[in-house]
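Chemist: Below you'll find start-v2.pdb; it's PDB, N, CA and C atoms, pLDDT in the B column.
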ATOM      1  N   MET K   1      31.167 -76.184  37.659  1.00 41.00           N
ATOM      2  CA  MET K   1      32.535 -76.103  38.116  1.00 41.00           C
ATOM      3  C   MET K   1      32.524 -75.631  39.560  1.00 41.00           C
ATOM      4  N   SER K   2      33.240 -76.308  40.439  1.00 54.00           N
ATOM      5  CA  SER K   2      33.257 -75.891  41.836  1.00 54.00           C
ATOM      6  C   SER K   2      34.515 -75.082  42.126  1.00 54.00           C
ATOM      7  N   ARG K   3      34.426 -74.344  43.227  1.00 55.00           N
ATOM      8  CA  ARG K   3      35.561 -73.529  43.635  1.00 55.00           C
ATOM      9  C   ARG K   3      36.667 -74.400  44.195  1.00 55.00           C
ATOM     10  N   ASP K   4      37.880 -73.853  44.218  1.00 58.00           N
ATOM     11  CA  ASP K   4      38.997 -74.500  44.896  1.00 58.00           C
ATOM     12  C   ASP K   4      38.721 -74.416  46.390  1.00 58.00           C
ATOM     13  N   PRO K   5      38.563 -75.550  47.094  1.00 57.00           N
ATOM     14  CA  PRO K   5      38.212 -75.493  48.519  1.00 57.00           C
ATOM     15  C   PRO K   5      39.277 -74.807  49.370  1.00 57.00           C
ATOM     16  N   ALA K   6      40.507 -74.712  48.861  1.00 60.00           N
ATOM     17  CA  ALA K   6      41.560 -74.044  49.625  1.00 60.00           C
ATOM     18  C   ALA K   6      41.524 -72.533  49.427  1.00 60.00           C
ATOM     19  N   ALA K   7      40.779 -72.068  48.438  1.00 68.00           N
ATOM     20  CA  ALA K   7      40.706 -70.633  48.170  1.00 68.00           C
ATOM     21  C   ALA K   7      39.930 -69.941  49.280  1.00 68.00           C
ATOM     22  N   PRO K   8      40.354 -68.745  49.673  1.00 78.00           N
ATOM     23  CA  PRO K   8      39.626 -68.038  50.723  1.00 78.00           C
ATOM     24  C   PRO K   8      38.201 -67.689  50.290  1.00 78.00           C
ATOM     25  N   MET K   9      37.325 -67.677  51.264  1.00 85.00           N
ATOM     26  CA  MET K   9      35.923 -67.375  51.001  1.00 85.00           C
ATOM     27  C   MET K   9      35.542 -66.222  51.927  1.00 85.00           C
ATOM     28  N   ASP K  10      34.978 -65.154  51.369  1.00 91.00           N
ATOM     29  CA  ASP K  10      34.573 -64.069  52.258  1.00 91.00           C
ATOM     30  C   ASP K  10      33.265 -64.446  52.946  1.00 91.00           C
ATOM     31  N   ASP K  11      32.921 -63.667  53.976  1.00 92.00           N
ATOM     32  CA  ASP K  11      31.737 -63.992  54.779  1.00 92.00           C
ATOM     33  C   ASP K  11      30.469 -64.083  53.935  1.00 92.00           C
ATOM     34  N   ARG K  12      30.302 -63.154  53.014  1.00 95.00           N
ATOM     35  CA  ARG K  12      29.094 -63.148  52.174  1.00 95.00           C
ATOM     36  C   ARG K  12      28.996 -64.428  51.344  1.00 95.00           C
ATOM     37  N   GLN K  13      30.097 -64.827  50.720  1.00 95.00           N
ATOM     38  CA  GLN K  13      30.101 -66.056  49.913  1.00 95.00           C
ATOM     39  C   GLN K  13      29.792 -67.264  50.785  1.00 95.00           C
ATOM     40  N   MET K  14      30.414 -67.321  51.957  1.00 94.00           N
ATOM     41  CA  MET K  14      30.235 -68.442  52.871  1.00 94.00           C
ATOM     42  C   MET K  14      28.768 -68.550  53.301  1.00 94.00           C
ATOM     43  N   ILE K  15      28.186 -67.428  53.708  1.00 96.00           N
ATOM     44  CA  ILE K  15      26.805 -67.445  54.198  1.00 96.00           C
ATOM     45  C   ILE K  15      25.834 -67.751  53.061  1.00 96.00           C
ATOM     46  N   GLU K  16      26.087 -67.198  51.883  1.00 97.00           N
ATOM     47  CA  GLU K  16      25.206 -67.484  50.749  1.00 97.00           C
ATOM     48  C   GLU K  16      25.261 -68.959  50.366  1.00 97.00           C
ATOM     49  N   MET K  17      26.464 -69.533  50.344  1.00 96.00           N
ATOM     50  CA  MET K  17      26.592 -70.950  50.004  1.00 96.00           C
ATOM     51  C   MET K  17      25.887 -71.819  51.042  1.00 96.00           C
ATOM     52  N   ALA K  18      26.036 -71.458  52.320  1.00 97.00           N
ATOM     53  CA  ALA K  18      25.366 -72.203  53.391  1.00 97.00           C
ATOM     54  C   ALA K  18      23.846 -72.068  53.262  1.00 97.00           C
ATOM     55  N   ALA K  19      23.375 -70.874  52.963  1.00 97.00           N
ATOM     56  CA  ALA K  19      21.935 -70.638  52.824  1.00 97.00           C
ATOM     57  C   ALA K  19      21.358 -71.431  51.653  1.00 97.00           C
ATOM     58  N   ARG K  20      22.104 -71.529  50.566  1.00 97.00           N
ATOM     59  CA  ARG K  20      21.628 -72.307  49.413  1.00 97.00           C
ATOM     60  C   ARG K  20      21.564 -73.800  49.748  1.00 97.00           C
ATOM     61  N   ALA K  21      22.525 -74.266  50.508  1.00 97.00           N
ATOM     62  CA  ALA K  21      22.506 -75.675  50.925  1.00 97.00           C
ATOM     63  C   ALA K  21      21.303 -75.939  51.825  1.00 97.00           C
ATOM     64  N   ILE K  22      21.042 -75.036  52.751  1.00 97.00           N
ATOM     65  CA  ILE K  22      19.886 -75.190  53.637  1.00 97.00           C
ATOM     66  C   ILE K  22      18.596 -75.127  52.826  1.00 97.00           C
ATOM     67  N   GLY K  23      18.563 -74.258  51.828  1.00 97.00           N
ATOM     68  CA  GLY K  23      17.394 -74.181  50.950  1.00 97.00           C
ATOM     69  C   GLY K  23      17.133 -75.499  50.234  1.00 97.00           C
ATOM     70  N   ARG K  24      18.196 -76.132  49.776  1.00 97.00           N
ATOM     71  CA  ARG K  24      18.048 -77.427  49.101  1.00 97.00           C
ATOM     72  C   ARG K  24      17.517 -78.474  50.080  1.00 97.00           C
ATOM     73  N   ILE K  25      18.077 -78.484  51.287  1.00 97.00           N
ATOM     74  CA  ILE K  25      17.631 -79.455  52.295  1.00 97.00           C
ATOM     75  C   ILE K  25      16.180 -79.179  52.689  1.00 97.00           C
ATOM     76  N   ASP K  26      15.835 -77.911  52.847  1.00 97.00           N
ATOM     77  CA  ASP K  26      14.463 -77.538  53.198  1.00 97.00           C
ATOM     78  C   ASP K  26      13.494 -77.972  52.100  1.00 97.00           C
ATOM     79  N   ARG K  27      13.885 -77.766  50.854  1.00 97.00           N
ATOM     80  CA  ARG K  27      13.011 -78.115  49.731  1.00 97.00           C
ATOM     81  C   ARG K  27      12.889 -79.626  49.532  1.00 97.00           C
ATOM     82  N   ASP K  28      14.034 -80.341  49.642  1.00 97.00           N
ATOM     83  CA  ASP K  28      14.065 -81.758  49.258  1.00 97.00           C
ATOM     84  C   ASP K  28      14.123 -82.727  50.424  1.00 97.00           C
ATOM     85  N   GLY K  29      14.154 -82.223  51.657  1.00 97.00           N
ATOM     86  CA  GLY K  29      14.183 -83.102  52.820  1.00 97.00           C
ATOM     87  C   GLY K  29      15.431 -83.970  52.861  1.00 97.00           C
ATOM     88  N   LEU K  30      15.256 -85.206  53.265  1.00 96.00           N
ATOM     89  CA  LEU K  30      16.388 -86.123  53.406  1.00 96.00           C
ATOM     90  C   LEU K  30      17.158 -86.277  52.099  1.00 96.00           C
ATOM     91  N   ARG K  31      16.464 -86.282  50.986  1.00 97.00           N
ATOM     92  CA  ARG K  31      17.142 -86.366  49.693  1.00 97.00           C
ATOM     93  C   ARG K  31      18.063 -85.162  49.492  1.00 97.00           C
ATOM     94  N   GLY K  32      17.631 -83.990  49.940  1.00 96.00           N
ATOM     95  CA  GLY K  32      18.452 -82.793  49.831  1.00 96.00           C
ATOM     96  C   GLY K  32      19.751 -82.902  50.607  1.00 96.00           C
ATOM     97  N   VAL K  33      19.711 -83.599  51.740  1.00 96.00           N
ATOM     98  CA  VAL K  33      20.930 -83.802  52.533  1.00 96.00           C
ATOM     99  C   VAL K  33      21.965 -84.556  51.714  1.00 96.00           C
ATOM    100  N   THR K  34      21.519 -85.488  50.909  1.00 96.00           N
ATOM    101  CA  THR K  34      22.462 -86.282  50.109  1.00 96.00           C
ATOM    102  C   THR K  34      22.949 -85.530  48.878  1.00 96.00           C
ATOM    103  N   LEU K  35      22.320 -84.399  48.559  1.00 96.00           N
ATOM    104  CA  LEU K  35      22.678 -83.657  47.354  1.00 96.00           C
ATOM    105  C   LEU K  35      23.581 -82.455  47.605  1.00 96.00           C
ATOM    106  N   VAL K  36      23.798 -82.064  48.862  1.00 96.00           N
ATOM    107  CA  VAL K  36      24.676 -80.925  49.107  1.00 96.00           C
ATOM    108  C   VAL K  36      26.127 -81.344  48.876  1.00 96.00           C
ATOM    109  N   SER K  37      26.911 -80.407  48.421  1.00 95.00           N
ATOM    110  CA  SER K  37      28.316 -80.688  48.127  1.00 95.00           C
ATOM    111  C   SER K  37      29.166 -80.570  49.395  1.00 95.00           C
ATOM    112  N   THR K  38      30.364 -81.113  49.321  1.00 94.00           N
ATOM    113  CA  THR K  38      31.271 -80.971  50.459  1.00 94.00           C
ATOM    114  C   THR K  38      31.607 -79.502  50.683  1.00 94.00           C
ATOM    115  N   GLU K  39      31.674 -78.731  49.616  1.00 94.00           N
ATOM    116  CA  GLU K  39      31.929 -77.303  49.733  1.00 94.00           C
ATOM    117  C   GLU K  39      30.784 -76.604  50.482  1.00 94.00           C
ATOM    118  N   GLN K  40      29.548 -77.004  50.210  1.00 96.00           N
ATOM    119  CA  GLN K  40      28.405 -76.425  50.912  1.00 96.00           C
ATOM    120  C   GLN K  40      28.407 -76.838  52.386  1.00 96.00           C
ATOM    121  N   ILE K  41      28.784 -78.070  52.667  1.00 96.00           N
ATOM    122  CA  ILE K  41      28.887 -78.533  54.051  1.00 96.00           C
ATOM    123  C   ILE K  41      29.956 -77.728  54.780  1.00 96.00           C
ATOM    124  N   TRP K  42      31.081 -77.500  54.100  1.00 94.00           N
ATOM    125  CA  TRP K  42      32.161 -76.702  54.665  1.00 94.00           C
ATOM    126  C   TRP K  42      31.650 -75.291  54.987  1.00 94.00           C
ATOM    127  N   ALA K  43      30.911 -74.696  54.060  1.00 95.00           N
ATOM    128  CA  ALA K  43      30.370 -73.352  54.268  1.00 95.00           C
ATOM    129  C   ALA K  43      29.393 -73.327  55.443  1.00 95.00           C
ATOM    130  N   MET K  44      28.561 -74.361  55.579  1.00 96.00           N
ATOM    131  CA  MET K  44      27.633 -74.412  56.708  1.00 96.00           C
ATOM    132  C   MET K  44      28.398 -74.516  58.022  1.00 96.00           C
ATOM    133  N   ALA K  45      29.434 -75.353  58.054  1.00 95.00           N
ATOM    134  CA  ALA K  45      30.231 -75.504  59.273  1.00 95.00           C
ATOM    135  C   ALA K  45      30.935 -74.197  59.633  1.00 95.00           C
ATOM    136  N   LEU K  46      31.522 -73.533  58.647  1.00 93.00           N
ATOM    137  CA  LEU K  46      32.189 -72.256  58.909  1.00 93.00           C
ATOM    138  C   LEU K  46      31.201 -71.204  59.404  1.00 93.00           C
ATOM    139  N   THR K  47      30.015 -71.208  58.842  1.00 95.00           N
ATOM    140  CA  THR K  47      28.991 -70.254  59.273  1.00 95.00           C
ATOM    141  C   THR K  47      28.611 -70.507  60.734  1.00 95.00           C
ATOM    142  N   LEU K  48      28.453 -71.771  61.101  1.00 95.00           N
ATOM    143  CA  LEU K  48      28.133 -72.093  62.497  1.00 95.00           C
ATOM    144  C   LEU K  48      29.242 -71.635  63.436  1.00 95.00           C
ATOM    145  N   VAL K  49      30.486 -71.822  63.029  1.00 92.00           N
ATOM    146  CA  VAL K  49      31.611 -71.372  63.851  1.00 92.00           C
ATOM    147  C   VAL K  49      31.590 -69.852  63.983  1.00 92.00           C
ATOM    148  N   ARG K  50      31.343 -69.151  62.877  1.00 91.00           N
ATOM    149  CA  ARG K  50      31.288 -67.682  62.906  1.00 91.00           C
ATOM    150  C   ARG K  50      30.147 -67.186  63.796  1.00 91.00           C
ATOM    151  N   LEU K  51      29.084 -67.983  63.904  1.00 92.00           N
ATOM    152  CA  LEU K  51      27.955 -67.614  64.756  1.00 92.00           C
ATOM    153  C   LEU K  51      28.178 -67.982  66.216  1.00 92.00           C
ATOM    154  N   GLY K  52      29.316 -68.644  66.510  1.00 93.00           N
ATOM    155  CA  GLY K  52      29.683 -68.916  67.891  1.00 93.00           C
ATOM    156  C   GLY K  52      29.569 -70.345  68.364  1.00 93.00           C
ATOM    157  N   LEU K  53      29.203 -71.288  67.484  1.00 96.00           N
ATOM    158  CA  LEU K  53      29.115 -72.685  67.918  1.00 96.00           C
ATOM    159  C   LEU K  53      30.513 -73.203  68.242  1.00 96.00           C
ATOM    160  N   VAL K  54      30.647 -73.852  69.377  1.00 95.00           N
ATOM    161  CA  VAL K  54      31.923 -74.394  69.835  1.00 95.00           C
ATOM    162  C   VAL K  54      32.135 -75.768  69.205  1.00 95.00           C
ATOM    163  N   ALA K  55      33.341 -76.015  68.729  1.00 94.00           N
ATOM    164  CA  ALA K  55      33.680 -77.340  68.186  1.00 94.00           C
ATOM    165  C   ALA K  55      33.935 -78.303  69.347  1.00 94.00           C
ATOM    166  N   VAL K  56      33.334 -79.485  69.266  1.00 97.00           N
ATOM    167  CA  VAL K  56      33.543 -80.521  70.279  1.00 97.00           C
ATOM    168  C   VAL K  56      34.206 -81.703  69.573  1.00 97.00           C
ATOM    169  N   PRO K  57      35.501 -81.919  69.821  1.00 96.00           N
ATOM    170  CA  PRO K  57      36.198 -83.022  69.158  1.00 96.00           C
ATOM    171  C   PRO K  57      35.586 -84.380  69.526  1.00 96.00           C
ATOM    172  N   PRO K  58      35.645 -85.339  68.594  1.00 97.00           N
ATOM    173  CA  PRO K  58      35.113 -86.677  68.876  1.00 97.00           C
ATOM    174  C   PRO K  58      35.732 -87.256  70.151  1.00 97.00           C
ATOM    175  N   GLY K  59      34.886 -87.839  70.978  1.00 97.00           N
ATOM    176  CA  GLY K  59      35.347 -88.489  72.201  1.00 97.00           C
ATOM    177  C   GLY K  59      35.531 -87.557  73.387  1.00 97.00           C
ATOM    178  N   GLU K  60      35.456 -86.259  73.155  1.00 97.00           N
ATOM    179  CA  GLU K  60      35.613 -85.289  74.238  1.00 97.00           C
ATOM    180  C   GLU K  60      34.258 -85.043  74.902  1.00 97.00           C
ATOM    181  N   PRO K  61      34.279 -84.681  76.172  1.00 97.00           N
ATOM    182  CA  PRO K  61      33.005 -84.364  76.826  1.00 97.00           C
ATOM    183  C   PRO K  61      32.406 -83.087  76.244  1.00 97.00           C
ATOM    184  N   THR K  62      31.092 -83.022  76.272  1.00 97.00           N
ATOM    185  CA  THR K  62      30.401 -81.838  75.773  1.00 97.00           C
ATOM    186  C   THR K  62      30.517 -80.724  76.815  1.00 97.00           C
ATOM    187  N   PRO K  63      31.006 -79.562  76.411  1.00 96.00           N
ATOM    188  CA  PRO K  63      31.118 -78.463  77.381  1.00 96.00           C
ATOM    189  C   PRO K  63      29.742 -77.935  77.786  1.00 96.00           C
ATOM    190  N   ASP K  64      29.695 -77.287  78.924  1.00 96.00           N
ATOM    191  CA  ASP K  64      28.435 -76.702  79.394  1.00 96.00           C
ATOM    192  C   ASP K  64      27.955 -75.611  78.453  1.00 96.00           C
ATOM    193  N   VAL K  65      28.884 -74.843  77.914  1.00 95.00           N
ATOM    194  CA  VAL K  65      28.557 -73.740  77.017  1.00 95.00           C
ATOM    195  C   VAL K  65      28.880 -74.175  75.589  1.00 95.00           C
ATOM    196  N   LEU K  66      27.866 -74.216  74.740  1.00 96.00           N
ATOM    197  CA  LEU K  66      28.071 -74.647  73.354  1.00 96.00           C
ATOM    198  C   LEU K  66      28.102 -73.495  72.360  1.00 96.00           C
ATOM    199  N   ILE K  67      27.587 -72.355  72.770  1.00 96.00           N
ATOM    200  CA  ILE K  67      27.609 -71.188  71.885  1.00 96.00           C
ATOM    201  C   ILE K  67      28.268 -70.031  72.630  1.00 96.00           C
ATOM    202  N   VAL K  68      29.328 -69.522  72.023  1.00 95.00           N
ATOM    203  CA  VAL K  68      30.042 -68.381  72.569  1.00 95.00           C
ATOM    204  C   VAL K  68      29.829 -67.225  71.607  1.00 95.00           C
ATOM    205  N   PRO K  69      29.147 -66.165  72.052  1.00 86.00           N
ATOM    206  CA  PRO K  69      28.893 -65.046  71.140  1.00 86.00           C
ATOM    207  C   PRO K  69      30.194 -64.492  70.582  1.00 86.00           C
ATOM    208  N   PRO K  70      30.209 -64.184  69.286  1.00 75.00           N
ATOM    209  CA  PRO K  70      31.430 -63.615  68.715  1.00 75.00           C
ATOM    210  C   PRO K  70      31.709 -62.244  69.326  1.00 75.00           C
ATOM    211  N   PRO K  71      32.998 -61.896  69.418  1.00 76.00           N
ATOM    212  CA  PRO K  71      33.311 -60.584  70.003  1.00 76.00           C
ATOM    213  C   PRO K  71      32.761 -59.452  69.128  1.00 76.00           C
ATOM    214  N   THR K  72      32.376 -58.383  69.773  1.00 77.00           N
ATOM    215  CA  THR K  72      31.874 -57.229  69.036  1.00 77.00           C
ATOM    216  C   THR K  72      33.037 -56.294  68.740  1.00 77.00           C
ATOM    217  N   ASN K  73      32.937 -55.622  67.611  1.00 70.00           N
ATOM    218  CA  ASN K  73      33.962 -54.643  67.242  1.00 70.00           C
ATOM    219  C   ASN K  73      33.698 -53.345  67.973  1.00 70.00           C
ATOM    220  N   PRO K  74      34.758 -52.728  68.534  1.00 64.00           N
ATOM    221  CA  PRO K  74      34.529 -51.470  69.272  1.00 64.00           C
ATOM    222  C   PRO K  74      34.138 -50.328  68.361  1.00 64.00           C
TER
END
Please re-express this file's structure in structure tokens.

Modeler:
Amino acid sequence: MSRDPAAPMDDRQMIEMAARAIGRIDRDGLRGVTLVSTEQIWAMALTLVRLGLVAVPPGEPTPDVLIVPPPTNP
């Protein structure tokens, strides 16, 4: 049973789901890429955004800076 994709996901859940997807891809190679769920892909994308990767919309030029460090808490 999969989660409701609209349900909020805390950071730990998101990172764990992304890590499990990467583990599957690491173990199974190209076949693993075809076996990850859309929810796992979503978690990987959210994790990349949280780590500072900048989204580049289709057709837009690639910015000079692709990773912006997340702000630190005071």

Chemist: On this structure, the PyMOL selection byres (((chain K and resi 15-32 and name CA) around 9) and name CA) would catch which residues? List them as a ChimeraX atom specification, sorted by chain and number.

Modeler: /K:10-14,33-37,39-47

Chemist: To one decimal place in Å, what is the distance between atom CA of K:Val54 and atom CA of K:Pro71?

Modeler: 13.9 Å

Chemist: At what distance in Å, to one decimal, does atom CA of K:Val68 lie from atom CA of K:Leu53?

Modeler: 6.4 Å

Chemist: Would you compute the distance between atom CA of K:Val49 and atom N of K:Ile67? Give it in Å to one decimal.

Modeler: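 A separation of 9.8 Å between them.
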
Chemist: Once DSSP has gone over the backbone, tell me which residues of chain K are in alpha helix (DSSP H), as number ranges by chain.

Modeler: K: 11-28, 30-35, 38-50

Chemist: Edge lengths and centre in Å to one decimal, as JSON, of the axis-aligned box that encloses all listed atoms of stretch 48-54 of chain K with 3 Å added on every side?

Modeler:
{"center_x": 30.0, "center_y": -71.5, "center_z": 65.5, "size_x": 10.2, "size_y": 14.6, "size_z": 14.7}
